[in-house]
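As provided, coords15.pdb (PDB, C-alpha atoms and all ligand atoms) reads as follows.
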```pdb
ATOM      1  CA  MET A   1      -0.220  32.381  11.397
ATOM      2  CA  ASN A   2       0.306  30.092  14.390
ATOM      3  CA  LEU A   3      -0.505  26.545  13.329
ATOM      4  CA  ASP A   4      -0.892  23.717  15.817
ATOM      5  CA  LEU A   5      -0.106  20.996  13.301
ATOM      6  CA  LEU A   6       1.642  21.091   9.909
ATOM      7  CA  ALA A   7       2.030  18.061   7.628
ATOM      8  CA  VAL A   8       4.871  18.284   5.106
ATOM      9  CA  ALA A   9       5.187  15.902   2.130
ATOM     10  CA  ALA A  10       6.754  15.717  -1.313
ATOM     11  CA  HIS A  11       3.720  15.547  -3.613
ATOM     12  CA  PRO A  12       0.111  16.760  -3.490
ATOM     13  CA  ASP A  13      -1.926  13.707  -2.303
ATOM     14  CA  ASP A  14       0.930  12.214  -0.189
ATOM     15  CA  VAL A  15      -0.526  13.791   2.962
ATOM     16  CA  GLU A  16      -4.086  12.663   2.134
ATOM     17  CA  LEU A  17      -2.895   9.089   1.630
ATOM     18  CA  SER A  18      -0.684   8.887   4.716
ATOM     19  CA  CYS A  19      -2.102  11.080   7.517
ATOM     20  CA  GLY A  20      -5.264  12.761   6.163
ATOM     21  CA  GLY A  21      -7.464  11.184   8.829
ATOM     22  CA  THR A  22      -5.258  12.486  11.626
ATOM     23  CA  LEU A  23      -5.243  16.018  10.187
ATOM     24  CA  LEU A  24      -9.037  15.989   9.974
ATOM     25  CA  LYS A  25      -9.391  14.574  13.491
ATOM     26  CA  MET A  26      -7.164  17.327  14.908
ATOM     27  CA  ALA A  27      -9.061  20.041  12.971
ATOM     28  CA  GLN A  28     -12.305  18.741  14.471
ATOM     29  CA  ARG A  29     -10.708  19.050  17.911
ATOM     30  CA  GLY A  30     -10.277  22.753  17.206
ATOM     31  CA  TYR A  31      -6.603  22.743  16.250
ATOM     32  CA  LYS A  32      -5.313  24.884  13.394
ATOM     33  CA  THR A  33      -3.863  22.498  10.834
ATOM     34  CA  GLY A  34      -1.963  22.937   7.583
ATOM     35  CA  ILE A  35      -0.429  21.041   4.650
ATOM     36  CA  LEU A  36       2.763  21.917   2.835
ATOM     37  CA  ASP A  37       3.402  20.162  -0.475
ATOM     38  CA  LEU A  38       7.063  20.533  -1.406
ATOM     39  CA  THR A  39       6.400  20.068  -5.156
ATOM     40  CA  ALA A  40       3.442  20.574  -7.485
ATOM     41  CA  GLY A  41       3.601  16.932  -8.585
ATOM     42  CA  GLU A  42       4.324  17.955 -12.170
ATOM     43  CA  MET A  43       6.047  14.631 -12.963
ATOM     44  CA  GLY A  44       2.718  12.804 -12.519
ATOM     45  CA  THR A  45       1.635  11.037 -15.708
ATOM     46  CA  ARG A  46      -1.878  12.468 -15.697
ATOM     47  CA  GLY A  47      -3.365  15.941 -15.281
ATOM     48  CA  THR A  48      -1.429  19.229 -15.158
ATOM     49  CA  PRO A  49       0.055  21.148 -12.205
ATOM     50  CA  GLU A  50      -2.903  23.568 -12.477
ATOM     51  CA  ILE A  51      -5.428  20.750 -12.210
ATOM     52  CA  ARG A  52      -3.530  19.190  -9.304
ATOM     53  CA  ALA A  53      -3.457  22.563  -7.504
ATOM     54  CA  LYS A  54      -7.256  22.784  -7.799
ATOM     55  CA  GLU A  55      -7.581  19.212  -6.598
ATOM     56  CA  ALA A  56      -5.252  19.900  -3.670
ATOM     57  CA  ALA A  57      -7.430  22.857  -2.634
ATOM     58  CA  LYS A  58     -10.538  20.669  -2.815
ATOM     59  CA  ALA A  59      -8.894  17.913  -0.758
ATOM     60  CA  ALA A  60      -7.793  20.522   1.806
ATOM     61  CA  ARG A  61     -11.452  21.548   2.263
ATOM     62  CA  PHE A  62     -12.431  17.935   2.990
ATOM     63  CA  LEU A  63      -9.705  17.782   5.646
ATOM     64  CA  SER A  64     -10.727  21.197   7.097
ATOM     65  CA  VAL A  65      -7.145  22.538   7.015
ATOM     66  CA  LYS A  66      -6.656  26.260   7.605
ATOM     67  CA  TRP A  67      -3.657  26.573   5.308
ATOM     68  CA  ARG A  68      -2.198  24.741   2.336
ATOM     69  CA  GLY A  69       0.895  25.846   0.453
ATOM     70  CA  ASN A  70       3.523  24.716  -2.011
ATOM     71  CA  LEU A  71       7.255  25.215  -1.580
ATOM     72  CA  GLY A  72       7.924  25.270  -5.350
ATOM     73  CA  VAL A  73      10.575  22.531  -5.378
ATOM     74  CA  PRO A  74      10.744  20.733  -8.762
ATOM     75  CA  ASP A  75       9.065  17.319  -8.686
ATOM     76  CA  SER A  76      11.589  14.414  -8.589
ATOM     77  CA  ASP A  77      14.278  16.841  -7.386
ATOM     78  CA  VAL A  78      13.461  17.097  -3.658
ATOM     79  CA  GLN A  79      16.737  17.205  -1.729
ATOM     80  CA  PRO A  80      18.039  18.699   1.496
ATOM     81  CA  SER A  81      19.985  21.459  -0.265
ATOM     82  CA  ARG A  82      20.849  24.711   1.516
ATOM     83  CA  GLN A  83      18.501  26.637  -0.790
ATOM     84  CA  TYR A  84      15.434  24.501  -0.024
ATOM     85  CA  LYS A  85      16.265  24.248   3.679
ATOM     86  CA  LEU A  86      16.362  28.033   4.036
ATOM     87  CA  ARG A  87      13.135  28.412   2.069
ATOM     88  CA  LEU A  88      11.370  25.873   4.281
ATOM     89  CA  ALA A  89      12.902  27.309   7.481
ATOM     90  CA  GLY A  90      11.460  30.723   6.515
ATOM     91  CA  LEU A  91       8.027  29.182   6.144
ATOM     92  CA  ILE A  92       8.335  27.374   9.501
ATOM     93  CA  ARG A  93       9.057  30.764  11.098
ATOM     94  CA  GLU A  94       5.926  32.211   9.452
ATOM     95  CA  LEU A  95       3.588  29.343  10.314
ATOM     96  CA  ARG A  96       5.074  28.512  13.761
ATOM     97  CA  PRO A  97       3.602  24.970  13.946
ATOM     98  CA  LYS A  98       3.767  23.272  17.367
ATOM     99  CA  THR A  99       3.892  19.817  15.788
ATOM    100  CA  VAL A 100       5.176  18.836  12.351
ATOM    101  CA  ILE A 101       4.422  15.568  10.547
ATOM    102  CA  LEU A 102       7.127  14.425   8.110
ATOM    103  CA  PRO A 103       7.377  11.334   5.905
ATOM    104  CA  TYR A 104       9.429   8.458   7.351
ATOM    105  CA  TRP A 105      13.148   8.726   6.486
ATOM    106  CA  GLU A 106      13.372   5.518   4.466
ATOM    107  CA  ALA A 107      11.352   5.063   1.273
ATOM    108  CA  ARG A 108      11.481   3.763  -2.281
ATOM    109  CA  HIS A 109      10.911   7.174  -3.894
ATOM    110  CA  PRO A 110      13.900   9.518  -3.340
ATOM    111  CA  ASP A 111      11.528  12.518  -3.035
ATOM    112  CA  HIS A 112       9.941  10.878   0.018
ATOM    113  CA  TYR A 113      13.108  10.212   2.017
ATOM    114  CA  HIS A 114      14.642  13.516   0.961
ATOM    115  CA  ALA A 115      11.437  15.276   2.100
ATOM    116  CA  SER A 116      11.980  13.722   5.526
ATOM    117  CA  THR A 117      15.566  14.997   5.846
ATOM    118  CA  LEU A 118      14.766  18.372   4.319
ATOM    119  CA  GLY A 119      11.848  18.797   6.726
ATOM    120  CA  TYR A 120      13.829  17.843   9.830
ATOM    121  CA  GLU A 121      16.834  20.010   9.004
ATOM    122  CA  ALA A 122      14.672  23.025   8.088
ATOM    123  CA  CYS A 123      12.812  22.728  11.422
ATOM    124  CA  PHE A 124      16.167  22.686  13.212
ATOM    125  CA  LEU A 125      17.644  25.605  11.243
ATOM    126  CA  ALA A 126      14.496  27.726  11.765
ATOM    127  CA  GLY A 127      15.513  27.954  15.432
ATOM    128  CA  LEU A 128      18.955  29.434  14.759
ATOM    129  CA  LYS A 129      18.946  33.197  15.384
ATOM    130  CA  GLN A 130      21.851  33.905  13.020
ATOM    131  CA  LEU A 131      20.260  32.190  10.030
ATOM    132  CA  PRO A 132      20.330  34.577   7.021
ATOM    133  CA  ILE A 133      16.546  34.596   6.541
ATOM    134  CA  GLU A 134      13.686  36.793   7.747
ATOM    135  CA  GLY A 135      11.445  36.116  10.715
ATOM    136  CA  GLU A 136      11.821  35.401  14.392
ATOM    137  CA  ALA A 137      13.779  32.252  15.274
ATOM    138  CA  TYR A 138      11.344  29.396  15.975
ATOM    139  CA  ARG A 139      11.546  25.618  16.326
ATOM    140  CA  PRO A 140       8.555  23.243  16.434
ATOM    141  CA  PHE A 141       8.178  21.312  19.705
ATOM    142  CA  LYS A 142       7.407  17.897  18.233
ATOM    143  CA  ILE A 143       8.269  16.057  15.036
ATOM    144  CA  LEU A 144       6.283  12.969  14.063
ATOM    145  CA  TYR A 145       6.994  10.639  11.174
ATOM    146  CA  SER A 146       4.129   9.300   9.106
ATOM    147  CA  LEU A 147       4.697   5.597   8.462
ATOM    148  CA  SER A 148       2.034   4.500   6.034
ATOM    149  CA  PHE A 149       4.422   3.383   3.301
ATOM    150  CA  ALA A 150       7.103   1.947   5.614
ATOM    151  CA  GLU A 151       7.382  -1.502   7.139
ATOM    152  CA  VAL A 152       8.479  -0.266  10.532
ATOM    153  CA  ARG A 153       6.784  -0.742  13.892
ATOM    154  CA  PRO A 154       5.008   2.517  14.759
ATOM    155  CA  THR A 155       5.318   4.227  18.156
ATOM    156  CA  PHE A 156       1.573   4.864  18.178
ATOM    157  CA  VAL A 157      -1.529   4.685  15.981
ATOM    158  CA  VAL A 158      -4.258   7.348  15.692
ATOM    159  CA  ASP A 159      -7.840   6.034  15.548
ATOM    160  CA  ILE A 160      -9.339   7.561  12.372
ATOM    161  CA  THR A 161     -12.442   5.369  12.154
ATOM    162  CA  ALA A 162     -14.799   8.368  12.406
ATOM    163  CA  HIS A 163     -12.770  10.309   9.819
ATOM    164  CA  TYR A 164     -12.162   7.535   7.342
ATOM    165  CA  GLU A 165     -14.971   8.450   4.909
ATOM    166  CA  ARG A 166     -13.845  12.056   4.575
ATOM    167  CA  ARG A 167     -10.234  11.002   4.213
ATOM    168  CA  ARG A 168     -11.407   8.827   1.313
ATOM    169  CA  LYS A 169     -13.188  11.807  -0.273
ATOM    170  CA  ALA A 170     -10.043  13.904   0.121
ATOM    171  CA  ILE A 171      -7.995  11.220  -1.650
ATOM    172  CA  LEU A 172     -10.581  10.945  -4.422
ATOM    173  CA  ALA A 173     -10.501  14.744  -4.865
ATOM    174  CA  PHE A 174      -7.378  14.104  -6.924
ATOM    175  CA  ALA A 175      -9.731  13.124  -9.723
ATOM    176  CA  SER A 176      -7.298  13.693 -12.604
ATOM    177  CA  GLN A 177      -5.379  10.710 -11.252
ATOM    178  CA  PHE A 178      -8.457   8.520 -11.511
ATOM    179  CA  ARG A 179     -10.802   9.647 -14.276
ATOM    180  CA  PRO A 180     -10.545   9.730 -18.073
ATOM    181  CA  GLU A 181      -9.306  12.990 -19.586
ATOM    182  CA  LYS A 182     -11.466  14.973 -22.040
ATOM    183  CA  GLY A 183     -11.755  13.185 -25.385
ATOM    184  CA  GLU A 184     -10.380   9.956 -23.968
ATOM    185  CA  SER A 185     -12.656   6.941 -24.040
ATOM    186  CA  ARG A 186     -13.257   5.003 -20.849
ATOM    187  CA  ALA A 187     -11.878   1.864 -22.479
ATOM    188  CA  ALA A 188      -8.661   3.615 -23.524
ATOM    189  CA  HIS A 189      -8.356   5.119 -20.057
ATOM    190  CA  LYS A 190      -8.799   1.790 -18.352
ATOM    191  CA  LYS A 191      -6.022   0.292 -20.443
ATOM    192  CA  GLN A 192      -3.529   2.763 -18.996
ATOM    193  CA  LYS A 193      -1.202   1.417 -16.354
ATOM    194  CA  VAL A 194      -1.480   4.558 -14.223
ATOM    195  CA  PHE A 195      -5.208   4.000 -13.708
ATOM    196  CA  LEU A 196      -4.449   0.601 -12.264
ATOM    197  CA  ALA A 197      -1.540   1.913 -10.206
ATOM    198  CA  ILE A 198      -3.621   4.611  -8.513
ATOM    199  CA  ASP A 199      -6.500   2.211  -8.104
ATOM    200  CA  ARG A 200      -4.189  -0.215  -6.352
ATOM    201  CA  LEU A 201      -2.627   2.540  -4.271
ATOM    202  CA  GLU A 202      -5.954   3.636  -2.821
ATOM    203  CA  ASP A 203      -6.855   0.035  -2.120
ATOM    204  CA  GLN A 204      -3.485  -0.524  -0.462
ATOM    205  CA  MET A 205      -3.897   2.540   1.751
ATOM    206  CA  ASN A 206      -7.317   1.332   2.859
ATOM    207  CA  GLN A 207      -5.881  -2.052   3.776
ATOM    208  CA  LEU A 208      -3.080  -0.389   5.736
ATOM    209  CA  ALA A 209      -5.542   1.789   7.658
ATOM    210  CA  ARG A 210      -7.552  -1.344   8.444
ATOM    211  CA  HIS A 211      -4.414  -3.236   9.508
ATOM    212  CA  TYR A 212      -3.168  -0.530  11.887
ATOM    213  CA  GLY A 213      -6.680   0.047  13.195
ATOM    214  CA  GLU A 214      -6.922  -3.614  14.109
ATOM    215  CA  LEU A 215      -3.660  -3.419  16.067
ATOM    216  CA  ILE A 216      -5.209  -0.865  18.451
ATOM    217  CA  GLY A 217      -8.663  -2.458  18.547
ATOM    218  CA  VAL A 218     -10.515  -0.058  16.200
ATOM    219  CA  LYS A 219     -11.571  -0.195  12.549
ATOM    220  CA  TYR A 220      -9.151   2.264  10.905
ATOM    221  CA  GLY A 221      -5.877   3.801  12.094
ATOM    222  CA  GLU A 222      -2.899   5.819  10.887
ATOM    223  CA  PRO A 223       0.591   4.845  12.162
ATOM    224  CA  PHE A 224       3.284   7.261  13.370
ATOM    225  CA  LEU A 225       6.776   7.074  14.763
ATOM    226  CA  GLN A 226       8.574   9.489  17.049
ATOM    227  CA  LYS A 227      12.251   9.333  17.959
ATOM    228  CA  GLU A 228      11.620  10.233  21.615
ATOM    229  CA  LEU A 229      10.049   7.915  24.165
ATOM    230  CA  MET A 230       6.437   8.508  25.162
ATOM    231  CA  LYS A 231       5.859   9.782  28.686
ATOM    232  CA  VAL A 232       3.005   8.152  30.632
ATOM    233  CA  GLU A 233       1.435   9.536  33.835
ATOM    234  CA  ASP A 234      -1.248   6.965  34.591
ATOM    235  CA  VAL A 235      -0.522   3.311  33.826
ATOM    236  CA  VAL A 236      -3.988   2.276  35.031
ATOM    237  CA  LYS A 237      -5.790   4.305  32.354
ATOM    238  CA  MET A 238      -3.666   3.170  29.429
ATOM    239  CA  GLU A 239      -5.605   2.295  26.263
ATOM    240  CA  VAL A 240      -5.472  -0.799  23.996
ATOM    241  CA  ARG A 241      -6.147  -4.201  25.485
ATOM    242  CA  SER A 242      -3.230  -6.608  26.058
ATOM    243  CA  ILE A 243      -5.087  -9.940  26.404
TER     244      ILE A 243
HETATM  245 ZN    ZN B   1       4.659  11.056  -3.175
END
```
How would this structure read if it were set down as structure tokens?
Ligand SMILES: [Zn+2]
Amino acid sequence: MNLDLLAVAAHPDDVELSCGGTLLKMAQRGYKTGILDLTAGEMGTRGTPEIRAKEAAKAARFLSVKWRGNLGVPDSDVQPSRQYKLRLAGLIRELRPKTVILPYWEARHPDHYHASTLGYEACFLAGLKQLPIEGEAYRPFKILYSLSFAEVRPTFVVDITAHYERRRKAILAFASQFRPEKGESRAAHKKQKVFLAIDRLEDQMNQLARHYGELIGVKYGEPFLQKELMKVEDVVKMEVRSI
């Protein structure tokens, strides 16, 4: 499969929370998009890996992605080891994405910053002909870093105003993280810290989208960073007002 855009992240729901609007926007432009979760999120306090897999599939439908997969790395043990790098490089050769979105390389959760390094190094290795894995050597053209959790100035912001509602639905598809489990009373559920944490997280992500949107003169936006400089052809048609 030749994907145009592949988003890689540590846990199911990381992509929805950080760059779901951008994935949906690109799918609506006719690009083939995909999501790779490195782990099944089995260290999450609520739900089971099976439930989260179902939820991930549902969220993927909201974002209109053509492909969603799981690399099978144990949750809370994401690291740029040779074994995981080769596994991911093999998948990059299969999917041949033109652009790859990775998490930013600094984060509080080790899985998040390790996912960034693992992703970058696997994309690099996938282009080495002598690598002891199957498939034709291939390297993505562009690597973007999703910044939603990082306090770093982005290189650019994608306007997701028109895609915000469906991004919200995709996030809420991870219902086991929000709703009471069978046999659990609503009151007991509400007392749990995790309910509040997820509740706050969604709220925080909405505020971030609003904040970055405002910086480019729209309602909602998702921030990205790229290591390269941006090339501009026409300085008269540049967007975003200065004064
Ligand atoms: Zn995560």
Go through the shown structure with the PyMOL selection byres (((not hetatm)) within 9 of (chain B and resi 1)) and write out the matching residues as a list of chain:residue names.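 Evaluating the PyMOL selection byres (((not hetatm)) within 9 of (chain B and resi 1)) on these coordinates yields A:Ala9, A:Ala10, A:His11, A:Pro12, A:Asp13, A:Asp14, A:Val15, A:Gly41, A:His109, A:Asp111, A:His112.
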To one decimal in Å, tell me the separation between atom CA of Thr39 of chain A and atom CA of Thr161 of chain A. 29.5 Å
Using all atoms listed in the file, what does the table of segment 20-97 of chain A residues within 10 Å of segment 208-228 of chain A look like, with each row giving the shortest atom pair and its distance in Å to one decimal, sorted by chain and ascending number, as a tab-separated table?
```
residue	atom	partner	partner_atom	distance
A:Gly20	CA	A:Glu222	CA	8.7
A:Gly21	CA	A:Glu222	CA	7.3
A:Thr22	CA	A:Glu222	CA	7.1
```
Can you work out which one of A:Ala27, A:Leu91, A:Leu3, A:Ile243 has the shortest atom-to-atom distance to Gly127 of chain A, counting only C-alpha atoms?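 Looking only at the distances to Gly127 of chain A, the closest residue turns out to be A:Leu91.
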Hey, can you check how far atom CA of Leu172 of chain A sits from atom CA of Asn206 of chain A?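 So the answer is 12.5 Å.
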To one decimal place in Å, what is the distance between atom CA of Glu50 of chain A and atom CA of Asp75 of chain A?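 These two atoms are separated by 14.0 Å.
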Exercise: segment 138-154 of chain A partners within 7 Å, only C-alpha atoms, chain neighbours under 4 positions left out, as a list in words: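 Once the nearby chain positions are removed, what remains is Ser18, Cys19, Arg93, Arg96, Pro97, Lys98, Thr99, Val100, Ile101, Leu102, Pro103, Tyr104, Ala107, Cys123, Phe124, Ala126, Gly127, Pro223, Phe224, Leu225 and Gln226 of chain A.
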Run the PyMOL selection byres (((chain A and resi 59) around 10) and not hetatm) against the file shown and list the residues it catches, as JSON, numbers by chain. {"A": [12, 13, 16, 20, 53, 54, 55, 56, 57, 58, 60, 61, 62, 63, 64, 65, 166, 167, 168, 169, 170, 171, 172, 173, 174]}
Emit the selected residues as a short mmCIF file (atom, residue, chain, number, x, y, z; two decimals), in the frame of the given file, including C-alpha atoms.
```cif
data_model
loop_
_atom_site.label_atom_id
_atom_site.label_comp_id
_atom_site.auth_asym_id
_atom_site.auth_seq_id
_atom_site.Cartn_x
_atom_site.Cartn_y
_atom_site.Cartn_z
CA PRO A 12 0.11 16.76 -3.49
CA ASP A 13 -1.93 13.71 -2.30
CA GLU A 16 -4.09 12.66 2.13
CA GLY A 20 -5.26 12.76 6.16
CA ALA A 53 -3.46 22.56 -7.50
CA LYS A 54 -7.26 22.78 -7.80
CA GLU A 55 -7.58 19.21 -6.60
CA ALA A 56 -5.25 19.90 -3.67
CA ALA A 57 -7.43 22.86 -2.63
CA LYS A 58 -10.54 20.67 -2.82
CA ALA A 60 -7.79 20.52 1.81
CA ARG A 61 -11.45 21.55 2.26
CA PHE A 62 -12.43 17.93 2.99
CA LEU A 63 -9.70 17.78 5.65
CA SER A 64 -10.73 21.20 7.10
CA VAL A 65 -7.14 22.54 7.02
CA ARG A 166 -13.84 12.06 4.58
CA ARG A 167 -10.23 11.00 4.21
CA ARG A 168 -11.41 8.83 1.31
CA LYS A 169 -13.19 11.81 -0.27
CA ALA A 170 -10.04 13.90 0.12
CA ILE A 171 -8.00 11.22 -1.65
CA LEU A 172 -10.58 10.94 -4.42
CA ALA A 173 -10.50 14.74 -4.86
CA PHE A 174 -7.38 14.10 -6.92
#
```
Which of these, A:Ala175, A:Ala7, A:Leu128, A:Met205, has the shortest distance to Leu38 of chain A once you count all atoms listed in the file?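 Among A:Ala175, A:Ala7, A:Leu128, A:Met205, it is A:Ala7 that comes nearest to Leu38 of chain A.
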As a list of chain:residue names, please: the residues near Lys85 of chain A (cut-off 7 Å, all atoms listed in the file, same-chain neighbours under 3 positions excluded).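 Counting all atoms listed in the file, the residues come to A:Pro80, A:Ser81, A:Arg82, A:Leu88, A:Ala89, A:Leu118, A:Glu121, A:Ala122.
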Residue with smallest distance to Pro49 of chain A - pool A:Met1, A:Ser176, A:Tyr31, A:Gln79, counting all atoms listed in the file: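 Result for the nearest residue to Pro49 of chain A: A:Ser176.
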Run the PyMOL selection byres (((chain A and resi 68) around 7) and not hetatm) mentally over the shown coordinates, then write out the matched residues as a PyMOL selection string, using the chain letters and numbers from the document. chain A and resi 34-36+67+69
